[in-house]
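> This is the structure I have questions about; it appears just below.
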Amino acid sequence: MLHTNSIDDVVQALAAAYIDPRTGNKVLYSVSWLADKDSMIGHINKDWVRRELDWFNSGSNNVNDMEGPVPSLFRACAGEDGKVNSAYGYILFGSGEFLPPVPSLYERIVQTLINEGAGTRHAVAIISDRDIHYISKYSGRHDFICTNALNVMVDADNQLHIIAQMRSMDAVFGYRADYSMWDSLMTRLLQDLALVIPGIERGNIYFQVANLHVYPRHFALLQDVAYDTEERLARRVWQNPVRIPGLDK
């Protein structure tokens with residue numbers, strides 16, 4: 001059986017990671033893990049998550065449609081028309097500029113699972129765009145999409161999984177935002193598939209990231225979290241000692 005990294009594993013690896021002299025960031029290349037927490041480093045802002053998910057589920061790509069205050073990073077990415085490329089709700093549920101014609105990408109995922117059966121490997125959503133090098137600067141935008149694709153799969157135990165494949169992720173704010181959206185997407189998929197795939201259950205969300213990084217401004221927070229994680233894991237080992245046959249009397 002292959003080892004699956006946990007969030008604790010990734011936090012420890014990030015704390016020990018080298019600093020890329022070109023960017024000043026701590027970096028891990030080609031890392032994957034089981035995403036079972038709403039935050040990897042630090043704590044979420046519940047009000048921000050609510051506003052972000054409202055915008056995500058609306059299918060808009062215009063930051064002016066987001067309940068304020070709009071984060072400065074979103075404003076910086078937006079073009080002259082207020083639109084951003086990394087509007088995953090727009091990409092999945094919307095229609096229009098740079099998107100394929102109806103049905104929406106989300107509807108195509110659902111229909112693929114219905115038409116081809118739960119065992120299909122074709123329920124894939126390509127989130128980025130083959131013209132991303134052009135559209136990243138379209139209309140004054142500064143927005144090179146981070147997520148490459150989503151694989152939606154149902155395993156032999158009838159559990160639904162989402163595998164997010166990414167070119168780049170900030171382990172602090174980026175992870176929190178992406179996890180909340182894919183967690184919401186999981187709920188939506190389960191609701192829409194429940195009648196056609198009887199007994200379907202919630203599975204896991206996995207991330208596969210080419211470049212996972214922490215910015216210098218978050219180094220101290222990372223070290224605090226890594227220390228707390230190490231202490232917690234040490235207590236767990238102490239409370240649940242490994243018993244060796246013949247030596248545990």
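Following the order of the structure tokens, first chain is A, next is B, and so on, with residues numbered from 1 inside each chain and ligands from 1 in the order they appear.
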Show which residues sit within 10 Å of Asn57 in chain A, as a ChimeraX atom specification. Count only C-alpha atoms, and ignore same-chain residues fewer than 2 positions away.
/A:52-55,59-60,88-90,92-94,181,184-185,188
> Residues as selected, N, CA and C atoms, written as a CSV table (one decimal), in the first residue's frame, can you do that?

```csv
chain,number,residue,atom,x,y,z
A,52,GLU,N,-16.6,34.1,0.0
A,52,GLU,CA,-15.9,33.5,-1.1
A,52,GLU,C,-16.8,32.4,-1.8
A,53,LEU,N,-17.5,31.6,-0.9
A,53,LEU,CA,-18.3,30.5,-1.5
A,53,LEU,C,-19.6,31.1,-2.1
A,54,ASP,N,-20.1,32.2,-1.6
A,54,ASP,CA,-21.2,32.8,-2.2
A,54,ASP,C,-20.9,33.2,-3.7
A,55,TRP,N,-19.7,33.8,-3.8
A,55,TRP,CA,-19.2,34.3,-5.1
A,55,TRP,C,-18.9,33.1,-6.0
A,59,GLY,N,-21.2,31.7,-9.8
A,59,GLY,CA,-20.7,31.5,-11.2
A,59,GLY,C,-20.1,32.8,-11.8
A,60,SER,N,-19.9,33.8,-11.0
A,60,SER,CA,-19.4,35.1,-11.5
A,60,SER,C,-17.8,35.1,-11.6
A,88,TYR,N,-13.1,30.1,-10.2
A,88,TYR,CA,-13.4,28.7,-10.4
A,88,TYR,C,-14.9,28.5,-10.5
A,89,GLY,N,-15.7,29.2,-9.8
A,89,GLY,CA,-17.1,29.1,-10.0
A,89,GLY,C,-17.6,29.4,-11.4
A,90,TYR,N,-17.0,30.5,-11.9
A,90,TYR,CA,-17.3,30.9,-13.3
A,90,TYR,C,-16.9,29.8,-14.3
A,92,LEU,N,-16.5,26.6,-13.7
A,92,LEU,CA,-17.3,25.4,-13.6
A,92,LEU,C,-18.7,25.5,-13.9
A,93,PHE,N,-19.3,26.6,-13.5
A,93,PHE,CA,-20.8,26.8,-13.6
A,93,PHE,C,-21.2,27.8,-14.6
A,94,GLY,N,-20.3,28.7,-15.1
A,94,GLY,CA,-20.7,29.8,-15.9
A,94,GLY,C,-20.6,29.5,-17.4
A,181,MET,N,-13.5,25.7,-1.6
A,181,MET,CA,-14.3,25.6,-2.9
A,181,MET,C,-14.5,24.1,-3.3
A,184,SER,N,-17.0,22.5,-1.1
A,184,SER,CA,-18.4,22.9,-1.5
A,184,SER,C,-18.8,22.2,-2.8
A,185,LEU,N,-17.8,22.0,-3.7
A,185,LEU,CA,-18.1,21.3,-4.9
A,185,LEU,C,-18.4,19.8,-4.6
A,188,ARG,N,-22.0,19.6,-3.6
A,188,ARG,CA,-22.9,19.8,-4.7
A,188,ARG,C,-23.0,18.6,-5.6
```
> Counting only C-alpha atoms, figure out which residue out of A:Val172, A:Ser30, A:Thr147, A:Pro69 gets nearest to Arg217 in chain A.
A:Val172
> So that I can see what lies close to Ser39 in chain A, please list as a list in words the residues with an atom at most 10 Å from it, counting only C-alpha atoms and leaving out residues fewer than 2 positions away in the same chain.
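In the requested form, the answer reads Ile7, Ala35, Asp36, Lys37, Ile41, Gly42, His43, Ile44, Ala171, Val172, Phe173, Gly174, Tyr175, Arg176, Ala177, Asp178, Tyr179 and Ser180 of chain A.
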> I need the residues of range 12-217 of chain A that end up classed as helix (DSSP H, G or I) by DSSP on the backbone, written out as number ranges by chain.
A: 12-16, 46-58, 63-65, 72-77, 88-93, 105-116, 132-135, 138-140, 173-193, 216-217
> Find the residues near His122 in chain A: any atom within 10 Å, counting only C-alpha atoms, skip ones fewer than 5 places away on the same chain, and give them as a ChimeraX atom specification.
/A:108-109,112-113,116,151-153
> Grab the residues selected above and save them as a PDB file, in the first residue's frame with C-alpha atoms.

```pdb
ATOM      1  CA  ARG A 108     -20.380  17.856 -18.293  1.00  0.00           C
ATOM      2  CA  ILE A 109     -18.755  16.212 -15.263  1.00  0.00           C
ATOM      3  CA  THR A 112     -20.155  11.917 -17.835  1.00  0.00           C
ATOM      4  CA  LEU A 113     -20.647  10.082 -14.544  1.00  0.00           C
ATOM      5  CA  GLU A 116     -20.550   6.376 -18.639  1.00  0.00           C
ATOM      6  CA  ASN A 151     -10.339  14.709 -11.512  1.00  0.00           C
ATOM      7  CA  VAL A 152     -13.683  13.559 -10.116  1.00  0.00           C
ATOM      8  CA  MET A 153     -13.788   9.835  -9.433  1.00  0.00           C
TER       9      MET A 153
END
```
> Between A:Trp33, A:Ile163, A:Leu150, A:Val70, single out the one closest to Leu2 in chain A, counting only C-alpha atoms.
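Going through A:Trp33, A:Ile163, A:Leu150, A:Val70 one by one, the smallest distance to Leu2 in chain A is for A:Trp33.
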> Can you tell me, as a list of chain:residue names, what residues are no more than 9 Å from Asp170 in chain A when counting only C-alpha atoms, ignoring any on the same chain fewer than 4 positions away?
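Near neighbours after the sequence-gap exclusion: A:Gly174, A:Tyr175, A:Asn211, A:Leu212, A:His213, A:Val214, A:Tyr215.
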> Using DSSP assignments from the backbone, pull out every residue in range 10-243 of chain A that falls under strand (DSSP E) and give it to me as a PDB file with N, CA and C atoms, in the first residue's frame.

```
ATOM      1  N   LYS A  26       9.949  29.428   0.939  1.00  0.00           N
ATOM      2  CA  LYS A  26      10.187  28.009   1.218  1.00  0.00           C
ATOM      3  C   LYS A  26       9.381  27.212   0.197  1.00  0.00           C
ATOM      4  N   VAL A  27       9.970  26.174  -0.391  1.00  0.00           N
ATOM      5  CA  VAL A  27       9.329  25.498  -1.517  1.00  0.00           C
ATOM      6  C   VAL A  27       9.449  23.987  -1.396  1.00  0.00           C
ATOM      7  N   LEU A  28       8.361  23.297  -1.760  1.00  0.00           N
ATOM      8  CA  LEU A  28       8.360  21.860  -1.995  1.00  0.00           C
ATOM      9  C   LEU A  28       7.893  21.638  -3.422  1.00  0.00           C
ATOM     10  N   TYR A  29       8.572  20.753  -4.123  1.00  0.00           N
ATOM     11  CA  TYR A  29       8.191  20.429  -5.495  1.00  0.00           C
ATOM     12  C   TYR A  29       7.501  19.063  -5.543  1.00  0.00           C
ATOM     13  N   SER A  30       6.465  18.985  -6.351  1.00  0.00           N
ATOM     14  CA  SER A  30       5.755  17.729  -6.614  1.00  0.00           C
ATOM     15  C   SER A  30       5.346  17.034  -5.311  1.00  0.00           C
ATOM     16  N   VAL A  31       4.410  17.667  -4.606  1.00  0.00           N
ATOM     17  CA  VAL A  31       3.947  17.122  -3.327  1.00  0.00           C
ATOM     18  C   VAL A  31       2.439  16.871  -3.390  1.00  0.00           C
ATOM     19  N   SER A  32       2.006  15.796  -2.772  1.00  0.00           N
ATOM     20  CA  SER A  32       0.576  15.470  -2.741  1.00  0.00           C
ATOM     21  C   SER A  32       0.180  15.085  -1.328  1.00  0.00           C
ATOM     22  N   TRP A  33      -1.111  15.278  -1.018  1.00  0.00           N
ATOM     23  CA  TRP A  33      -1.572  14.945   0.334  1.00  0.00           C
ATOM     24  C   TRP A  33      -3.088  14.814   0.367  1.00  0.00           C
ATOM     25  N   LEU A  34      -3.561  14.163   1.424  1.00  0.00           N
ATOM     26  CA  LEU A  34      -4.978  14.054   1.720  1.00  0.00           C
ATOM     27  C   LEU A  34      -5.402  15.324   2.449  1.00  0.00           C
ATOM     28  N   ALA A  35      -6.351  16.039   1.872  1.00  0.00           N
ATOM     29  CA  ALA A  35      -6.809  17.309   2.441  1.00  0.00           C
ATOM     30  C   ALA A  35      -8.025  17.058   3.328  1.00  0.00           C
ATOM     31  N   VAL A 124     -13.475  14.752 -15.881  1.00  0.00           N
ATOM     32  CA  VAL A 124     -12.345  15.658 -15.666  1.00  0.00           C
ATOM     33  C   VAL A 124     -12.746  17.086 -16.027  1.00  0.00           C
ATOM     34  N   ALA A 125     -12.344  18.024 -15.200  1.00  0.00           N
ATOM     35  CA  ALA A 125     -12.573  19.439 -15.480  1.00  0.00           C
ATOM     36  C   ALA A 125     -11.218  20.103 -15.700  1.00  0.00           C
ATOM     37  N   ILE A 126     -10.950  20.571 -16.902  1.00  0.00           N
ATOM     38  CA  ILE A 126      -9.723  21.315 -17.175  1.00  0.00           C
ATOM     39  C   ILE A 126      -9.962  22.755 -16.739  1.00  0.00           C
ATOM     40  N   THR A 147      -4.800  26.341 -10.629  1.00  0.00           N
ATOM     41  CA  THR A 147      -5.280  24.965 -10.741  1.00  0.00           C
ATOM     42  C   THR A 147      -5.276  24.536 -12.200  1.00  0.00           C
ATOM     43  N   ASN A 148      -4.640  23.397 -12.476  1.00  0.00           N
ATOM     44  CA  ASN A 148      -4.631  22.871 -13.835  1.00  0.00           C
ATOM     45  C   ASN A 148      -5.905  22.102 -14.145  1.00  0.00           C
ATOM     46  N   ALA A 149      -6.295  21.197 -13.243  1.00  0.00           N
ATOM     47  CA  ALA A 149      -7.447  20.339 -13.534  1.00  0.00           C
ATOM     48  C   ALA A 149      -7.988  19.714 -12.261  1.00  0.00           C
ATOM     49  N   LEU A 150      -9.233  19.265 -12.352  1.00  0.00           N
ATOM     50  CA  LEU A 150      -9.865  18.476 -11.302  1.00  0.00           C
ATOM     51  C   LEU A 150     -10.234  17.116 -11.884  1.00  0.00           C
ATOM     52  N   ASN A 151      -9.869  16.052 -11.174  1.00  0.00           N
ATOM     53  CA  ASN A 151     -10.339  14.709 -11.512  1.00  0.00           C
ATOM     54  C   ASN A 151     -11.405  14.325 -10.501  1.00  0.00           C
ATOM     55  N   VAL A 152     -12.586  13.994 -10.987  1.00  0.00           N
ATOM     56  CA  VAL A 152     -13.683  13.559 -10.116  1.00  0.00           C
ATOM     57  C   VAL A 152     -13.878  12.062 -10.348  1.00  0.00           C
ATOM     58  N   MET A 153     -13.738  11.284  -9.288  1.00  0.00           N
ATOM     59  CA  MET A 153     -13.788   9.835  -9.433  1.00  0.00           C
ATOM     60  C   MET A 153     -14.612   9.192  -8.328  1.00  0.00           C
ATOM     61  N   VAL A 154     -15.255   8.075  -8.675  1.00  0.00           N
ATOM     62  CA  VAL A 154     -15.987   7.258  -7.716  1.00  0.00           C
ATOM     63  C   VAL A 154     -15.257   5.925  -7.622  1.00  0.00           C
ATOM     64  N   GLN A 159     -17.383   5.664  -3.142  1.00  0.00           N
ATOM     65  CA  GLN A 159     -17.026   6.932  -2.524  1.00  0.00           C
ATOM     66  C   GLN A 159     -16.528   7.906  -3.590  1.00  0.00           C
ATOM     67  N   LEU A 160     -17.007   9.146  -3.495  1.00  0.00           N
ATOM     68  CA  LEU A 160     -16.658  10.187  -4.452  1.00  0.00           C
ATOM     69  C   LEU A 160     -15.400  10.929  -3.992  1.00  0.00           C
ATOM     70  N   HIS A 161     -14.450  11.056  -4.899  1.00  0.00           N
ATOM     71  CA  HIS A 161     -13.199  11.743  -4.585  1.00  0.00           C
ATOM     72  C   HIS A 161     -12.953  12.871  -5.576  1.00  0.00           C
ATOM     73  N   ILE A 162     -12.300  13.938  -5.103  1.00  0.00           N
ATOM     74  CA  ILE A 162     -11.854  15.031  -5.965  1.00  0.00           C
ATOM     75  C   ILE A 162     -10.340  15.133  -5.840  1.00  0.00           C
ATOM     76  N   ILE A 163      -9.651  15.048  -6.968  1.00  0.00           N
ATOM     77  CA  ILE A 163      -8.200  15.203  -6.993  1.00  0.00           C
ATOM     78  C   ILE A 163      -7.894  16.493  -7.722  1.00  0.00           C
ATOM     79  N   ALA A 164      -7.344  17.465  -6.997  1.00  0.00           N
ATOM     80  CA  ALA A 164      -7.011  18.767  -7.578  1.00  0.00           C
ATOM     81  C   ALA A 164      -5.542  18.780  -7.958  1.00  0.00           C
ATOM     82  N   GLN A 165      -5.276  18.980  -9.249  1.00  0.00           N
ATOM     83  CA  GLN A 165      -3.908  19.011  -9.760  1.00  0.00           C
ATOM     84  C   GLN A 165      -3.537  20.464 -10.040  1.00  0.00           C
ATOM     85  N   MET A 166      -2.453  20.926  -9.417  1.00  0.00           N
ATOM     86  CA  MET A 166      -2.138  22.350  -9.442  1.00  0.00           C
ATOM     87  C   MET A 166      -0.696  22.604  -9.859  1.00  0.00           C
ATOM     88  N   MET A 169       0.771  26.576  -5.465  1.00  0.00           N
ATOM     89  CA  MET A 169      -0.138  26.866  -4.352  1.00  0.00           C
ATOM     90  C   MET A 169       0.611  27.524  -3.197  1.00  0.00           C
ATOM     91  N   ASP A 170       0.031  28.592  -2.668  1.00  0.00           N
ATOM     92  CA  ASP A 170       0.467  29.192  -1.409  1.00  0.00           C
ATOM     93  C   ASP A 170      -0.138  28.353  -0.290  1.00  0.00           C
ATOM     94  N   GLU A 201     -21.232   7.974  -1.553  1.00  0.00           N
ATOM     95  CA  GLU A 201     -20.821   8.576  -0.293  1.00  0.00           C
ATOM     96  C   GLU A 201     -19.669   9.549  -0.512  1.00  0.00           C
ATOM     97  N   ARG A 202     -19.501  10.405   0.450  1.00  0.00           N
ATOM     98  CA  ARG A 202     -18.400  11.367   0.412  1.00  0.00           C
ATOM     99  C   ARG A 202     -17.068  10.648   0.619  1.00  0.00           C
ATOM    100  N   GLY A 203     -16.145  10.911  -0.274  1.00  0.00           N
ATOM    101  CA  GLY A 203     -14.804  10.368  -0.147  1.00  0.00           C
ATOM    102  C   GLY A 203     -13.846  11.442   0.316  1.00  0.00           C
ATOM    103  N   ASN A 204     -12.737  11.591  -0.382  1.00  0.00           N
ATOM    104  CA  ASN A 204     -11.690  12.510   0.040  1.00  0.00           C
ATOM    105  C   ASN A 204     -11.369  13.552  -1.023  1.00  0.00           C
ATOM    106  N   ILE A 205     -10.729  14.617  -0.569  1.00  0.00           N
ATOM    107  CA  ILE A 205     -10.156  15.620  -1.446  1.00  0.00           C
ATOM    108  C   ILE A 205      -8.636  15.470  -1.367  1.00  0.00           C
ATOM    109  N   TYR A 206      -8.005  15.366  -2.508  1.00  0.00           N
ATOM    110  CA  TYR A 206      -6.551  15.252  -2.566  1.00  0.00           C
ATOM    111  C   TYR A 206      -5.990  16.413  -3.376  1.00  0.00           C
ATOM    112  N   PHE A 207      -4.810  16.879  -2.977  1.00  0.00           N
ATOM    113  CA  PHE A 207      -4.098  17.884  -3.761  1.00  0.00           C
ATOM    114  C   PHE A 207      -2.813  17.274  -4.307  1.00  0.00           C
ATOM    115  N   GLN A 208      -2.525  17.575  -5.569  1.00  0.00           N
ATOM    116  CA  GLN A 208      -1.261  17.226  -6.208  1.00  0.00           C
ATOM    117  C   GLN A 208      -0.688  18.536  -6.742  1.00  0.00           C
ATOM    118  N   VAL A 209       0.369  19.024  -6.101  1.00  0.00           N
ATOM    119  CA  VAL A 209       0.855  20.380  -6.369  1.00  0.00           C
ATOM    120  C   VAL A 209       2.299  20.351  -6.864  1.00  0.00           C
ATOM    121  N   ALA A 210       2.547  21.005  -7.980  1.00  0.00           N
ATOM    122  CA  ALA A 210       3.900  21.045  -8.538  1.00  0.00           C
ATOM    123  C   ALA A 210       4.824  21.941  -7.720  1.00  0.00           C
ATOM    124  N   ASN A 211       4.311  23.054  -7.232  1.00  0.00           N
ATOM    125  CA  ASN A 211       5.122  23.996  -6.456  1.00  0.00           C
ATOM    126  C   ASN A 211       4.285  24.480  -5.270  1.00  0.00           C
ATOM    127  N   LEU A 212       4.588  23.946  -4.098  1.00  0.00           N
ATOM    128  CA  LEU A 212       3.909  24.365  -2.860  1.00  0.00           C
ATOM    129  C   LEU A 212       4.871  25.259  -2.102  1.00  0.00           C
ATOM    130  N   HIS A 213       4.411  26.445  -1.747  1.00  0.00           N
ATOM    131  CA  HIS A 213       5.338  27.405  -1.165  1.00  0.00           C
ATOM    132  C   HIS A 213       4.730  28.172   0.005  1.00  0.00           C
ATOM    133  N   VAL A 214       5.638  28.746   0.798  1.00  0.00           N
ATOM    134  CA  VAL A 214       5.268  29.637   1.901  1.00  0.00           C
ATOM    135  C   VAL A 214       6.065  30.924   1.724  1.00  0.00           C
TER     136      VAL A 214
END
```
> Residues near Asp228 in chain A, anyone? I mean within 12 Å using only C-alpha atoms, not counting same-chain ones fewer than 6 positions away, as a PDB file with N, CA and C atoms, in the first residue's frame.

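Generated output (result.pdb):
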```pdb
ATOM      1  N   ASP A   8      -0.199  17.090   8.287  1.00  0.00           N
ATOM      2  CA  ASP A   8       0.906  17.170   9.254  1.00  0.00           C
ATOM      3  C   ASP A   8       2.242  16.869   8.583  1.00  0.00           C
ATOM      4  N   VAL A  11       3.255  19.942   6.511  1.00  0.00           N
ATOM      5  CA  VAL A  11       3.692  21.062   7.364  1.00  0.00           C
ATOM      6  C   VAL A  11       5.116  20.832   7.851  1.00  0.00           C
ATOM      7  N   GLN A  12       5.413  19.611   8.288  1.00  0.00           N
ATOM      8  CA  GLN A  12       6.760  19.306   8.754  1.00  0.00           C
ATOM      9  C   GLN A  12       7.778  19.448   7.622  1.00  0.00           C
ATOM     10  N   ALA A  15       8.403  23.140   6.874  1.00  0.00           N
ATOM     11  CA  ALA A  15       9.240  23.773   7.895  1.00  0.00           C
ATOM     12  C   ALA A  15      10.715  23.458   7.665  1.00  0.00           C
ATOM     13  N   ILE A  41      -2.040  25.936   7.565  1.00  0.00           N
ATOM     14  CA  ILE A  41      -1.224  26.782   8.436  1.00  0.00           C
ATOM     15  C   ILE A  41      -2.091  27.949   8.892  1.00  0.00           C
ATOM     16  N   GLY A  42      -2.316  28.083  10.194  1.00  0.00           N
ATOM     17  CA  GLY A  42      -3.164  29.146  10.718  1.00  0.00           C
ATOM     18  C   GLY A  42      -4.631  28.753  10.705  1.00  0.00           C
ATOM     19  N   LEU A 221       4.835  31.962  11.366  1.00  0.00           N
ATOM     20  CA  LEU A 221       3.599  31.202  11.573  1.00  0.00           C
ATOM     21  C   LEU A 221       3.821  29.729  11.234  1.00  0.00           C
ATOM     22  N   LEU A 222       4.535  29.451  10.147  1.00  0.00           N
ATOM     23  CA  LEU A 222       4.836  28.071   9.765  1.00  0.00           C
ATOM     24  C   LEU A 222       5.624  27.371  10.861  1.00  0.00           C
ATOM     25  N   ALA A 234       4.223  13.886  19.101  1.00  0.00           N
ATOM     26  CA  ALA A 234       5.020  13.251  20.152  1.00  0.00           C
ATOM     27  C   ALA A 234       4.132  12.768  21.291  1.00  0.00           C
ATOM     28  N   ARG A 235       3.138  13.571  21.658  1.00  0.00           N
ATOM     29  CA  ARG A 235       2.208  13.154  22.720  1.00  0.00           C
ATOM     30  C   ARG A 235       1.387  11.958  22.279  1.00  0.00           C
TER      31      ARG A 235
END
```
> I'd like the contact shell of Asp9 in chain A - 10 Å cut-off, only C-alpha atoms, skipping same-chain residues fewer than 5 positions apart - returned as a ChimeraX atom specification.
/A:4,14,33,226,229-230
> Suppose we keep N, CA and C atoms; can you now write the selection as a JSON list (two decimals), in the first residue's frame?

```json
[["chain", "number", "residue", "atom", "x", "y", "z"],
["A", 4, "THR", "N", 0.16, 7.71, 1.99],
["A", 4, "THR", "CA", -0.51, 8.96, 1.64],
["A", 4, "THR", "C", -0.11, 10.04, 2.63],
["A", 14, "LEU", "N", 7.49, 21.35, 4.94],
["A", 14, "LEU", "CA", 7.64, 22.77, 4.61],
["A", 14, "LEU", "C", 8.55, 23.48, 5.60],
["A", 33, "TRP", "N", -1.11, 15.28, -1.02],
["A", 33, "TRP", "CA", -1.57, 14.94, 0.33],
["A", 33, "TRP", "C", -3.09, 14.81, 0.37],
["A", 226, "ALA", "N", 4.44, 24.11, 12.88],
["A", 226, "ALA", "CA", 5.27, 22.90, 12.81],
["A", 226, "ALA", "C", 5.66, 22.43, 14.20],
["A", 229, "THR", "N", 2.65, 20.93, 15.85],
["A", 229, "THR", "CA", 2.37, 19.63, 15.23],
["A", 229, "THR", "C", 3.32, 18.57, 15.77],
["A", 230, "GLU", "N", 4.60, 18.91, 15.86],
["A", 230, "GLU", "CA", 5.58, 17.96, 16.37],
["A", 230, "GLU", "C", 5.28, 17.57, 17.81]]
```
> Which one is closest to Ala78 in chain A: A:Thr187, A:Asn25, A:Ser139, A:Asn158? Count only C-alpha atoms.
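That would be A:Ser139, the residue with the smallest distance to Ala78 in chain A.
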